[in-house]
Structures are given as C-alpha cells and as structure tokens.
file model37.tsv (TSV, C-alpha atoms)
chain	number	residue	atom	x	y	z
N	7	MET	CA	-34.48	-95.53	22.34
N	8	THR	CA	-31.74	-97.57	20.74
N	9	THR	CA	-28.63	-95.61	21.60
N	10	SER	CA	-25.23	-97.25	21.90
N	11	VAL	CA	-21.61	-96.17	21.93
N	12	ALA	CA	-21.15	-97.70	18.47
N	13	SER	CA	-24.11	-95.71	17.10
N	14	LEU	CA	-22.81	-92.55	18.80
N	15	ILE	CA	-19.42	-93.03	17.12
N	16	THR	CA	-21.13	-93.48	13.73
N	17	TYR	CA	-23.37	-90.43	14.27
N	18	ALA	CA	-20.38	-88.27	15.27
N	19	ALA	CA	-18.22	-89.53	12.39
N	20	ALA	CA	-20.88	-88.46	9.88
N	21	ARG	CA	-20.47	-84.96	11.31
N	22	GLY	CA	-16.66	-85.02	11.18
N	23	VAL	CA	-16.20	-85.70	14.89
N	24	THR	CA	-13.99	-88.55	16.10
N	25	ILE	CA	-15.05	-90.21	19.34
N	26	ALA	CA	-13.19	-92.96	21.19
N	27	ASP	CA	-14.82	-96.25	22.13
N	28	ASP	CA	-13.92	-96.10	25.82
N	29	THR	CA	-15.36	-95.82	29.33
N	30	PRO	CA	-15.57	-91.99	29.39
N	31	THR	CA	-17.61	-92.11	26.16
N	32	ALA	CA	-19.99	-94.69	27.64
N	33	GLN	CA	-20.35	-92.55	30.76
N	34	ALA	CA	-21.03	-89.43	28.67
N	35	LEU	CA	-23.74	-91.34	26.81
N	36	VAL	CA	-25.42	-92.25	30.13
N	37	ARG	CA	-25.30	-88.63	31.32
N	38	ALA	CA	-26.66	-87.46	27.96
N	39	THR	CA	-29.50	-89.97	28.18
N	40	ASP	CA	-30.32	-88.70	31.66
N	41	HIS	CA	-30.35	-85.11	30.43
N	42	ILE	CA	-32.68	-85.83	27.52
N	43	THR	CA	-34.95	-88.07	29.61
N	44	PHE	CA	-35.30	-85.74	32.59
N	45	GLY	CA	-35.02	-82.43	30.75
N	46	TYR	CA	-37.17	-83.20	27.72
N	47	VAL	CA	-38.91	-86.58	27.52
N	48	ASN	CA	-40.54	-86.10	30.93
N	49	ARG	CA	-42.12	-82.92	29.51
N	50	PHE	CA	-43.34	-84.47	26.22
N	51	SER	CA	-46.99	-84.38	25.24
N	52	LYS	CA	-48.95	-87.61	25.62
N	53	GLY	CA	-48.12	-90.09	22.90
N	54	TYR	CA	-44.45	-89.14	22.66
N	55	GLY	CA	-41.52	-90.71	24.50
N	56	LEU	CA	-38.02	-92.14	24.23
N	57	THR	CA	-38.87	-93.84	20.93
N	58	SER	CA	-40.09	-90.66	19.23
N	59	PRO	CA	-38.17	-89.37	16.19
N	60	ASN	CA	-35.02	-87.34	16.92
N	61	VAL	CA	-34.67	-88.54	20.54
N	62	ASP	CA	-31.67	-90.79	19.82
N	63	GLU	CA	-30.06	-88.04	17.76
N	64	ALA	CA	-30.66	-85.53	20.58
N	65	ILE	CA	-29.00	-87.95	23.00
N	66	TYR	CA	-25.99	-88.20	20.67
N	67	GLU	CA	-25.77	-84.40	20.44
N	68	ALA	CA	-25.88	-84.18	24.24
N	69	ALA	CA	-23.26	-86.95	24.52
N	70	MET	CA	-20.89	-85.07	22.22
N	71	LEU	CA	-21.18	-82.03	24.50
N	72	GLU	CA	-20.64	-84.25	27.55
N	73	ILE	CA	-17.52	-85.80	26.03
N	74	VAL	CA	-15.92	-82.40	25.47
N	75	THR	CA	-17.03	-81.06	28.89
N	76	PRO	CA	-17.88	-83.84	31.36
N	77	ASN	CA	-21.02	-83.02	33.38
N	78	PHE	CA	-21.89	-80.19	30.99
N	79	PHE	CA	-25.62	-80.58	31.72
N	80	THR	CA	-25.32	-81.23	35.46
N	81	LYS	CA	-23.77	-78.04	36.83
N	82	THR	CA	-25.41	-76.97	40.06
N	83	PHE	CA	-26.57	-73.38	40.24
N	84	THR	CA	-27.73	-71.57	43.34
N	85	PRO	CA	-30.24	-68.74	43.08
N	86	ALA	CA	-27.37	-66.34	43.84
N	87	ASP	CA	-25.51	-67.64	40.76
N	88	GLN	CA	-28.44	-66.77	38.55
N	89	LYS	CA	-28.02	-63.09	37.90
N	90	MET	CA	-27.28	-60.84	34.98
N	91	LEU	CA	-25.27	-57.63	34.95
N	92	THR	CA	-27.77	-54.97	33.89
N	93	GLU	CA	-25.93	-51.77	34.72
N	94	VAL	CA	-22.21	-51.04	34.73
N	95	LYS	CA	-21.97	-47.50	36.05
N	96	GLY	CA	-23.67	-48.33	39.35
N	97	ILE	CA	-22.86	-52.11	39.16
N	98	LYS	CA	-26.38	-53.47	39.24
N	99	TRP	CA	-27.36	-57.15	39.07
N	100	THR	CA	-30.83	-58.44	38.18
N	101	PRO	CA	-32.02	-61.87	39.32
N	102	VAL	CA	-32.71	-64.35	36.54
N	103	GLY	CA	-33.25	-68.07	36.47
N	104	GLU	CA	-35.26	-69.79	39.18
N	105	ALA	CA	-36.43	-66.50	40.63
N	106	VAL	CA	-37.86	-65.60	37.23
N	107	ASN	CA	-38.40	-68.77	35.16
N	108	GLY	CA	-38.09	-71.77	37.50
N	109	SER	CA	-35.34	-74.37	37.71
N	110	LEU	CA	-35.28	-75.14	33.98
N	111	SER	CA	-33.65	-71.80	33.35
N	112	ALA	CA	-30.62	-72.97	35.36
N	113	THR	CA	-29.93	-75.81	32.92
N	114	PRO	CA	-27.54	-75.28	29.99
N	115	VAL	CA	-29.40	-75.49	26.68
N	116	SER	CA	-28.28	-76.69	23.28
N	117	THR	CA	-30.30	-74.86	20.64
N	118	LYS	CA	-29.85	-77.84	18.29
N	119	ILE	CA	-31.25	-80.31	20.85
N	120	ASP	CA	-34.03	-77.89	21.71
N	121	SER	CA	-34.96	-77.60	18.03
N	122	MET	CA	-34.93	-81.38	17.62
N	123	LEU	CA	-37.28	-82.03	20.54
N	124	ARG	CA	-39.43	-78.89	20.73
N	125	PRO	CA	-42.24	-80.36	18.58
N	126	TYR	CA	-42.93	-83.00	21.24
N	127	LEU	CA	-43.04	-80.72	24.29
N	128	ALA	CA	-46.36	-80.17	26.01
N	129	THR	CA	-47.60	-76.60	26.11
N	130	TYR	CA	-48.40	-75.41	29.61
N	131	ILE	CA	-51.18	-72.93	30.22
N	132	GLY	CA	-51.64	-71.92	33.84
N	133	ILE	CA	-51.28	-75.05	35.95
N	134	GLY	CA	-52.28	-77.58	33.28
N	135	SER	CA	-50.83	-78.79	30.03
N	136	VAL	CA	-52.20	-78.97	26.55
N	137	GLY	CA	-51.11	-81.87	24.39

call {"tool": "encode", "arguments": {"input": "model37.tsv", "output": "structure tokens"}}
result
Amino acid sequence: MTTSVASLITYAAARGVTIADDTPTAQALVRATDHITFGYVNRFSKGYGLTSPNVDEAIYEAAMLEIVTPNFFTKTFTPADQKMLTEVKGIKWTPVGEAVNGSLSATPVSTKIDSMLRPYLATYIGIGSVG
C-alpha cells in the first residue's frame, strides 16, 4: 500500500474530481484505508494483501466517498434497523442484514470497490475457506 493524500488528489483529478489537500481529506483517507483493510483485505485469499493490485485504487474510491459523506462506511446499524418493507397493504417488515447474512450486510457497499477487490476474496464453504 502506497496511498497518500497527494496520490489521492491525482487519482481524483484524473476522474474529474477536485479534492482539497487538507486535514479532512487526510482523515477521510485514514477511514477509507480502515474500511478496505477490515472489510476486504482481512478476507483476502492467502497470497493477497495490501500490496495487491487495485487495493490503493479501492482505497482512493472509498476516500472519495468519505470526503463527500464523512463516516460513510462506519454507520452503526442495530438489528432492528435492518429490515425491508415487503408489504404495503398490511405494513409488513422482513428482517434482513445480520439476521439473514451476518454483520457484513450492514456495511454500505460500493459496487466499484467490490468489483476491484472481488478477485482476491476467499471463497467460504461451510466453516472453512478455499483460496
């Protein structure tokens, strides 16, 4: 991992996004790094880690989301928050999230970041992992 605020600014500029070189940007980069490390890298297959391809870019994508909405990836959900309206006439809610898919389902997901890092994720079968 070789991320820096300067590299984040360059990455964003190439995509038409202007980012300030200031403390909130540095803080967003730290939060983004935490999100990628704990949400993805810790679930990588053996042989992959922070230095794998696309990890820095995924961190920059997460940082851009964090800059626009501070703490975007760190919202706390309770099991009661994790529900989906499934019927209007009788107002019926169905549990989703932790009750169904574990705590990862309570974390906001960027489809772009997910696509960038999916090739490195271990595949879990039962209680073990493959990869």

call {"tool": "atom_distance", "arguments": {"input": "model37.tsv", "atom1": "CA of Glu72 (chain N)", "atom2": "CA of Asn48 (chain N)"}}
result
20.3 Å

call {"tool": "closest_residue", "arguments": {"input": "model37.tsv", "among": "N:Met122, N:Val115, N:Val74, N:Leu14", "to": "Gly45 (chain N)", "atoms": "all atoms listed in the file"}}
result
N:Val115

call {"tool": "closest_residue", "arguments": {"input": "model37.tsv", "among": "N:Thr75, N:Asn60, N:Thr117, N:Ser13", "to": "Ala34 (chain N)", "atoms": "all atoms listed in the file"}}
result
N:Thr75

call {"tool": "residues_near_point", "arguments": {"input": "model37.tsv", "point": "(-16.4, -90.5, 28.8)", "cutoff": "6 Å", "atoms": "all atoms listed in the file", "output": "VMD selection string"}}
result
chain N and resid 29 to 34 73

call {"tool": "closest_residue", "arguments": {"input": "model37.tsv", "among": "N:Ser51, N:Thr8, N:Thr57, N:Thr24", "to": "Leu127 (chain N)", "atoms": "all atoms listed in the file"}}
result
N:Ser51

call {"tool": "atom_distance", "arguments": {"input": "model37.tsv", "atom1": "CA of Phe79 (chain N)", "atom2": "CA of Thr113 (chain N)"}}
result
6.5 Å

call {"tool": "atom_distance", "arguments": {"input": "model37.tsv", "atom1": "CA of Glu63 (chain N)", "atom2": "CA of Val23 (chain N)"}}
result
14.3 Å

call {"tool": "closest_residue", "arguments": {"input": "model37.tsv", "among": "N:Tyr46, N:Tyr126, N:Phe78, N:Tyr66", "to": "Pro114 (chain N)", "atoms": "only C-alpha atoms"}}
result
N:Phe78

call {"tool": "closest_residue", "arguments": {"input": "model37.tsv", "among": "N:Leu123, N:Ala26, N:Thr82, N:Arg49", "to": "Glu67 (chain N)", "atoms": "only C-alpha atoms"}}
result
N:Leu123

call {"tool": "closest_residue", "arguments": {"input": "model37.tsv", "among": "N:Val61, N:Thr39, N:Ile15, N:Gly22", "to": "Ile119 (chain N)", "atoms": "all atoms listed in the file"}}
result
N:Val61

call {"tool": "axis_aligned_box", "arguments": {"input": "model37.tsv", "around": "region 17-32 of chain N", "padding_each_side": "4 Å", "output": "JSON"}}
result
{"center_x": -18.3, "center_y": -90.6, "center_z": 19.6, "size_x": 18.2, "size_y": 19.3, "size_z": 27.5}
